[in-house]
>>> print(open('entry39.cif').read())   # mmCIF, C-alpha atoms
data_model
#
loop_
_atom_site.group_PDB
_atom_site.id
_atom_site.type_symbol
_atom_site.label_atom_id
_atom_site.label_comp_id
_atom_site.auth_asym_id
_atom_site.auth_seq_id
_atom_site.Cartn_x
_atom_site.Cartn_y
_atom_site.Cartn_z
ATOM 1 C CA MET A 22 24.378 -2.425 -15.465
ATOM 2 C CA ARG A 23 21.885 -5.149 -16.329
ATOM 3 C CA ALA A 24 18.807 -4.593 -18.447
ATOM 4 C CA ARG A 25 15.470 -4.860 -16.667
ATOM 5 C CA ALA A 26 12.489 -6.679 -18.098
ATOM 6 C CA ALA A 27 9.455 -4.680 -19.143
ATOM 7 C CA LYS A 28 6.651 -4.510 -16.648
ATOM 8 C CA GLU A 29 3.713 -6.798 -17.325
ATOM 9 C CA GLN A 30 0.524 -4.802 -17.827
ATOM 10 C CA PHE A 31 -2.997 -5.762 -16.915
ATOM 11 C CA GLU A 32 -6.339 -4.036 -16.600
ATOM 12 C CA LEU A 33 -8.726 -4.719 -13.714
ATOM 13 C CA VAL A 34 -11.001 -1.750 -14.227
ATOM 14 C CA PRO A 35 -11.647 -0.475 -17.781
ATOM 15 C CA GLY A 36 -9.154 2.281 -18.522
ATOM 16 C CA VAL A 37 -7.065 1.751 -15.353
ATOM 17 C CA GLN A 38 -3.745 0.008 -15.933
ATOM 18 C CA TYR A 39 -1.905 -1.992 -13.277
ATOM 19 C CA SER A 40 1.468 -3.573 -13.608
ATOM 20 C CA TYR A 41 3.993 -5.725 -11.822
ATOM 21 C CA LEU A 42 7.599 -6.605 -12.466
ATOM 22 C CA TYR A 43 9.624 -9.552 -11.224
ATOM 23 C CA ASP A 44 13.341 -8.925 -10.712
ATOM 24 C CA SER A 45 15.034 -12.321 -10.890
ATOM 25 C CA GLN A 46 18.364 -10.988 -9.637
ATOM 26 C CA SER A 47 16.948 -9.773 -6.315
ATOM 27 C CA ASP A 48 14.027 -12.257 -6.296
ATOM 28 C CA THR A 49 11.605 -9.375 -5.623
ATOM 29 C CA TYR A 50 8.539 -7.824 -7.223
ATOM 30 C CA GLU A 51 7.254 -4.340 -7.852
ATOM 31 C CA ILE A 52 3.482 -3.871 -7.766
ATOM 32 C CA ASP A 53 2.052 -0.654 -9.203
ATOM 33 C CA GLY A 54 -1.126 1.175 -8.272
ATOM 34 C CA VAL A 55 -2.002 -0.352 -4.891
ATOM 35 C CA GLU A 56 -4.800 1.490 -3.080
ATOM 36 C CA VAL A 57 -3.595 2.402 0.419
ATOM 37 C CA PHE A 58 -6.076 4.949 1.823
ATOM 38 C CA ALA A 59 -9.445 6.501 0.960
ATOM 39 C CA ALA A 60 -11.675 9.416 1.836
ATOM 40 C CA GLY A 61 -14.533 8.452 4.159
ATOM 41 C CA LYS A 62 -15.359 7.805 7.797
ATOM 42 C CA TRP A 63 -12.973 5.244 9.316
ATOM 43 C CA ASN A 64 -12.783 4.297 13.000
ATOM 44 C CA GLY A 65 -15.074 7.206 13.807
ATOM 45 C CA ASP A 66 -12.898 9.841 12.069
ATOM 46 C CA ASP A 67 -13.767 11.650 8.837
ATOM 47 C CA TYR A 68 -11.108 11.859 6.109
ATOM 48 C CA THR A 69 -11.742 14.282 3.239
ATOM 49 C CA ASP A 70 -10.133 14.812 -0.147
ATOM 50 C CA GLU A 71 -8.298 17.716 1.495
ATOM 51 C CA ASP A 72 -6.865 15.309 4.089
ATOM 52 C CA LEU A 73 -5.734 12.965 1.314
ATOM 53 C CA ARG A 74 -4.016 15.840 -0.506
ATOM 54 C CA ALA A 75 -2.265 16.828 2.745
ATOM 55 C CA ILE A 76 -1.096 13.234 3.246
ATOM 56 C CA CYS A 77 0.319 13.141 -0.303
ATOM 57 C CA GLU A 78 1.984 16.540 0.129
ATOM 58 C CA ALA A 79 3.552 15.409 3.422
ATOM 59 C CA ASP A 80 4.806 12.268 1.694
ATOM 60 C CA ALA A 81 6.338 14.354 -1.104
ATOM 61 C CA GLU A 82 8.308 16.321 1.488
ATOM 62 C CA LEU A 83 9.140 13.446 3.851
ATOM 63 C CA HIS A 84 9.318 10.324 1.697
ATOM 64 C CA ASP A 85 13.104 9.901 1.818
ATOM 65 C CA LEU A 86 13.145 10.592 5.567
ATOM 66 C CA ILE A 87 10.221 8.336 6.549
ATOM 67 C CA ARG A 88 10.900 5.612 3.931
ATOM 68 C CA PRO A 89 7.403 4.075 4.125
ATOM 69 C CA ARG A 90 7.773 0.325 4.417
ATOM 70 C CA VAL A 91 5.672 -2.735 3.646
ATOM 71 C CA GLY A 92 4.988 -5.396 6.262
ATOM 72 C CA VAL A 93 2.509 -8.022 7.352
ATOM 73 C CA GLU A 94 -0.221 -7.631 9.952
ATOM 74 C CA HIS A 95 -0.065 -4.715 12.401
ATOM 75 C CA LYS A 96 3.030 -5.701 14.314
ATOM 76 C CA ASP A 97 6.657 -4.735 14.462
ATOM 77 C CA GLY A 98 8.989 -6.638 12.242
ATOM 78 C CA PRO A 99 11.290 -6.294 9.275
ATOM 79 C CA ALA A 100 10.472 -4.227 6.222
ATOM 80 C CA TRP A 101 9.286 -6.662 3.549
ATOM 81 C CA GLY A 102 9.422 -3.991 0.856
ATOM 82 C CA TRP A 103 9.003 -0.261 0.378
ATOM 83 C CA MET A 104 6.253 2.087 -0.746
ATOM 84 C CA GLY A 105 6.958 4.458 -3.600
ATOM 85 C CA PRO A 106 5.690 8.063 -3.513
ATOM 86 C CA LEU A 107 1.993 8.461 -2.703
ATOM 87 C CA ARG A 108 -0.432 9.964 -5.190
ATOM 88 C CA MET A 109 -4.171 10.581 -5.381
ATOM 89 C CA LEU A 110 -6.485 8.817 -7.792
ATOM 90 C CA GLY A 111 -10.007 10.081 -7.299
ATOM 91 C CA GLU A 112 -10.893 9.748 -3.609
ATOM 92 C CA LYS A 113 -8.074 7.287 -2.893
ATOM 93 C CA ILE A 114 -4.339 7.344 -2.296
ATOM 94 C CA ILE A 115 -2.293 4.841 -4.266
ATOM 95 C CA ALA A 116 1.341 3.787 -4.166
ATOM 96 C CA ASP A 117 3.690 1.535 -6.070
ATOM 97 C CA LEU A 118 5.274 -1.147 -3.929
ATOM 98 C CA LYS A 119 8.965 -1.925 -4.411
ATOM 99 C CA ARG A 120 11.233 -4.864 -3.567
ATOM 100 C CA ILE A 121 8.444 -7.154 -2.348
ATOM 101 C CA PRO A 122 9.987 -10.586 -1.649
ATOM 102 C CA LYS A 123 8.788 -13.407 -3.853
ATOM 103 C CA TRP A 124 7.295 -15.320 -0.876
ATOM 104 C CA LEU A 125 5.164 -12.296 0.118
ATOM 105 C CA PHE A 126 4.052 -11.550 -3.443
ATOM 106 C CA GLU A 127 3.018 -15.192 -3.881
ATOM 107 C CA SER A 128 1.274 -15.196 -0.471
ATOM 108 C CA VAL A 129 -0.691 -12.059 -1.369
ATOM 109 C CA GLN A 130 -1.626 -13.498 -4.737
ATOM 110 C CA ALA A 131 -2.746 -16.779 -3.118
ATOM 111 C CA GLY A 132 -5.045 -14.850 -0.774
ATOM 112 C CA ARG A 133 -3.091 -15.463 2.414
ATOM 113 C CA TYR A 134 -2.760 -11.688 2.750
ATOM 114 C CA ALA A 135 -5.781 -10.570 0.748
ATOM 115 C CA ASN A 136 -6.173 -7.010 2.081
ATOM 116 C CA GLN A 137 -4.050 -4.034 3.025
ATOM 117 C CA SER A 138 -4.081 -1.343 5.710
ATOM 118 C CA VAL A 139 -1.870 1.649 6.512
ATOM 119 C CA GLU A 140 -0.220 2.834 9.686
ATOM 120 C CA MET A 141 0.135 6.575 10.261
ATOM 121 C CA ARG A 142 2.049 9.001 12.379
ATOM 122 C CA LEU A 143 -0.217 11.775 13.633
ATOM 123 C CA ASN A 144 1.101 15.295 14.272
ATOM 124 C CA TYR A 145 4.538 14.309 12.999
ATOM 125 C CA GLU A 146 7.291 16.872 13.575
ATOM 126 C CA HIS A 147 10.214 16.988 11.153
ATOM 127 C CA PRO A 148 13.355 16.430 13.271
ATOM 128 C CA GLU A 149 15.312 19.290 11.657
ATOM 129 C CA THR A 150 12.821 21.874 10.400
ATOM 130 C CA LYS A 151 10.313 21.299 13.232
ATOM 131 C CA LYS A 152 7.507 21.621 10.662
ATOM 132 C CA ARG A 153 4.390 19.685 11.755
ATOM 133 C CA TYR A 154 2.385 17.374 9.530
ATOM 134 C CA PRO A 155 -1.112 16.302 10.663
ATOM 135 C CA MET A 156 -0.916 12.826 9.069
ATOM 136 C CA VAL A 157 1.983 10.873 7.561
ATOM 137 C CA ILE A 158 1.631 7.343 6.211
ATOM 138 C CA ASP A 159 4.668 5.377 7.360
ATOM 139 C CA SER A 160 3.773 1.809 6.403
ATOM 140 C CA LEU A 161 1.423 -0.467 4.539
ATOM 141 C CA LYS A 162 0.582 -3.813 6.099
ATOM 142 C CA PHE A 163 -0.817 -6.803 4.264
ATOM 143 C CA LEU A 164 -3.521 -8.402 6.402
ATOM 144 C CA GLY A 165 -4.228 -12.089 6.827
ATOM 145 C CA ILE A 166 -7.086 -12.923 9.188
ATOM 146 C CA HIS A 167 -7.875 -9.339 10.218
ATOM 147 C CA PRO A 168 -10.332 -7.376 8.075
ATOM 148 C CA PRO A 169 -9.173 -4.002 6.758
ATOM 149 C CA ALA A 170 -10.403 -0.859 8.468
ATOM 150 C CA ILE A 171 -11.125 0.691 5.066
ATOM 151 C CA PRO A 172 -13.436 -1.734 3.256
ATOM 152 C CA THR A 173 -13.506 0.405 0.095
ATOM 153 C CA LEU A 174 -9.868 -0.321 -0.786
ATOM 154 C CA LYS A 175 -9.499 -2.643 -3.726
ATOM 155 C CA PRO A 176 -7.608 -5.751 -2.587
ATOM 156 C CA VAL A 177 -4.386 -6.519 -4.401
ATOM 157 C CA ALA A 178 -5.122 -8.592 -7.484
ATOM 158 C CA ALA A 179 -4.560 -12.317 -7.786
ATOM 159 C CA PHE A 180 -2.251 -13.242 -10.617
ATOM 160 C CA ASP A 181 -2.653 -16.600 -12.316
ATOM 161 C CA ALA A 182 0.669 -17.141 -14.089
ATOM 162 C CA ALA A 183 -0.559 -20.224 -15.956
ATOM 163 C CA ARG A 184 -3.369 -18.308 -17.671
ATOM 164 C CA GLN A 185 -1.573 -14.934 -17.727
ATOM 165 C CA THR A 186 -4.714 -13.253 -16.382
ATOM 166 C CA ILE A 187 -5.538 -11.131 -13.382
ATOM 167 C CA GLU A 188 -8.507 -11.669 -11.092
ATOM 168 C CA LEU A 189 -9.737 -9.373 -8.360
ATOM 169 C CA TYR A 190 -10.760 -10.867 -5.020
ATOM 170 C CA ARG A 191 -14.450 -10.115 -4.672
ATOM 171 C CA GLY A 192 -17.010 -10.426 -1.948
ATOM 172 C CA GLU A 193 -18.611 -8.624 0.921
ATOM 173 C CA ARG A 194 -16.777 -7.967 4.142
ATOM 174 C CA PRO A 195 -19.597 -8.114 6.704
ATOM 175 C CA GLY A 196 -19.109 -6.226 9.931
ATOM 176 C CA VAL A 197 -16.071 -4.259 8.736
ATOM 177 C CA GLN A 198 -15.679 -0.901 10.419
ATOM 178 C CA GLY A 199 -13.501 2.045 9.388
ATOM 179 C CA ALA A 200 -9.733 3.184 9.094
ATOM 180 C CA SER A 201 -6.460 4.532 10.231
ATOM 181 C CA THR A 202 -5.081 5.794 13.499
ATOM 182 C CA SER A 203 -1.547 6.514 14.565
ATOM 183 C CA GLU A 204 -1.031 2.981 15.776
ATOM 184 C CA GLN A 205 -2.935 0.778 13.386
ATOM 185 C CA ALA A 206 -5.772 0.925 10.936
ATOM 186 C CA ASP A 207 -7.838 -1.992 12.132
#
>>> encode(input="entry39.cif", output="structure tokens")
Amino acid sequence: MRARAAKEQFELVPGVQYSYLYDSQSDTYEIDGVEVFAAGKWNGDDYTDEDLRAICEADAELHDLIRPRVGVEHKDGPAWGWMGPLRMLGEKIIADLKRIPKWLFESVQAGRYANQSVEMRLNYEHPETKKRYPMVIDSLKFLGIHPPAIPTLKPVAAFDAARQTIELYRGERPGVQGASTSEQAD
């Protein structure tokens, strides 16, 4: 078994640590602490802290079955990585992203896919237990030209390898309207 490098640490918000790790053997990255969903009114629907807790609880029960994936734009296509277990941080849900291909990581960092948005399954029924879950996040999509439905999500940071610093994409998103549905979040 090969030894893995330590994750690089960086701080975007005082007291909140983020990290990433490059795996040279698989040519993939892990990105920790990505904001994927938030409480608020998105696409005309209200999402409360209670809803966020229910989403995280559903993920805890279904994560290995659903295997939430990472992709680009809201379209079908291959999984370009995987989401780790969901967890709440304040009024947001965050996840660690795993096995992100180098080309996608570099595209996100360059701003080609500056924002992220989730896709959900509504009223999901477990195939064996028949238990119903009101909302289950099944993928995270990096967005290029489309604005995110949840404008309060912090975009994934831009990493400048030459300076070994992290910068956060900033700026207003005029005209952005709210969040997730069963098909797509924007």
>>> axis_aligned_box(input="entry39.cif", around="range 98-115 of chain A", padding_each_side="5 Å", output="lines of an AutoDock Vina configuration file")
center_x = 0.2
center_y = 2.0
center_z = 2.2
size_x = 32.2
size_y = 27.2
size_z = 30.0
>>> residues_around(input="entry39.cif", residues="Ile76 in chain A", least_positions_apart="3", cutoff="10 Å", atoms="all atoms listed in the file", output="list in words")
Phe58, Asp70, Glu71, Asp72, Leu73, Ala79, Asp80, Ala81, Leu107, Arg108, Met109, Ile114, Met141, Tyr154, Pro155, Met156, Val157 and Ile158 of chain A
>>> residues_around(input="entry39.cif", residues="Glu94 in chain A", least_positions_apart="3", cutoff="9 Å", atoms="only C-alpha atoms", output="PDB file with C-alpha atoms, in the coordinates of the input")
ATOM      1  CA  ASP A  97       6.657  -4.735  14.462  1.00  0.00           C
ATOM      2  CA  TYR A 134      -2.760 -11.688   2.750  1.00  0.00           C
ATOM      3  CA  GLN A 137      -4.050  -4.034   3.025  1.00  0.00           C
ATOM      4  CA  SER A 138      -4.081  -1.343   5.710  1.00  0.00           C
ATOM      5  CA  LYS A 162       0.582  -3.813   6.099  1.00  0.00           C
ATOM      6  CA  PHE A 163      -0.817  -6.803   4.264  1.00  0.00           C
ATOM      7  CA  LEU A 164      -3.521  -8.402   6.402  1.00  0.00           C
ATOM      8  CA  GLY A 165      -4.228 -12.089   6.827  1.00  0.00           C
ATOM      9  CA  ILE A 166      -7.086 -12.923   9.188  1.00  0.00           C
ATOM     10  CA  HIS A 167      -7.875  -9.339  10.218  1.00  0.00           C
TER      11      HIS A 167
END
>>> closest_residue(input="entry39.cif", among="A:Gly54, A:Glu82, A:Ala131, A:Lys151", to="Asp117 in chain A", atoms="only C-alpha atoms")
A:Gly54
>>> atom_distance(input="entry39.cif", atom1="CA of Met104 in chain A", atom2="CA of Leu86 in chain A")
12.6 Å
>>> closest_residue(input="entry39.cif", among="A:Arg90, A:Ile121, A:Ala75, A:Pro106", to="Leu42 in chain A", atoms="only C-alpha atoms")
A:Ile121
>>> atom_distance(input="entry39.cif", atom1="CA of Lys119 in chain A", atom2="CA of Trp103 in chain A")
5.1 Å
>>> atom_distance(input="entry39.cif", atom1="CA of Ala116 in chain A", atom2="CA of Ile52 in chain A")
8.7 Å
>>> closest_residue(input="entry39.cif", among="A:Pro89, A:Gly102, A:Pro122, A:Gly111", to="Ala59 in chain A", atoms="all atoms listed in the file")
A:Gly111
>>> closest_residue(input="entry39.cif", among="A:Glu127, A:Asp85, A:Asp44, A:Asp159", to="Val57 in chain A", atoms="all atoms listed in the file")
A:Asp159
>>> residues_around(input="entry39.cif", residues="Arg120 in chain A", least_positions_apart="6", cutoff="6 Å", atoms="only C-alpha atoms", output="number ranges by chain")
A: 49-51, 102
>>> closest_residue(input="entry39.cif", among="A:Ala60, A:Leu161, A:Ala170, A:Val177", to="Lys113 in chain A", atoms="only C-alpha atoms")
A:Ala60
>>> closest_residue(input="entry39.cif", among="A:Val139, A:Glu112, A:Ser128, A:Lys175", to="Tyr68 in chain A", atoms="only C-alpha atoms")
A:Glu112
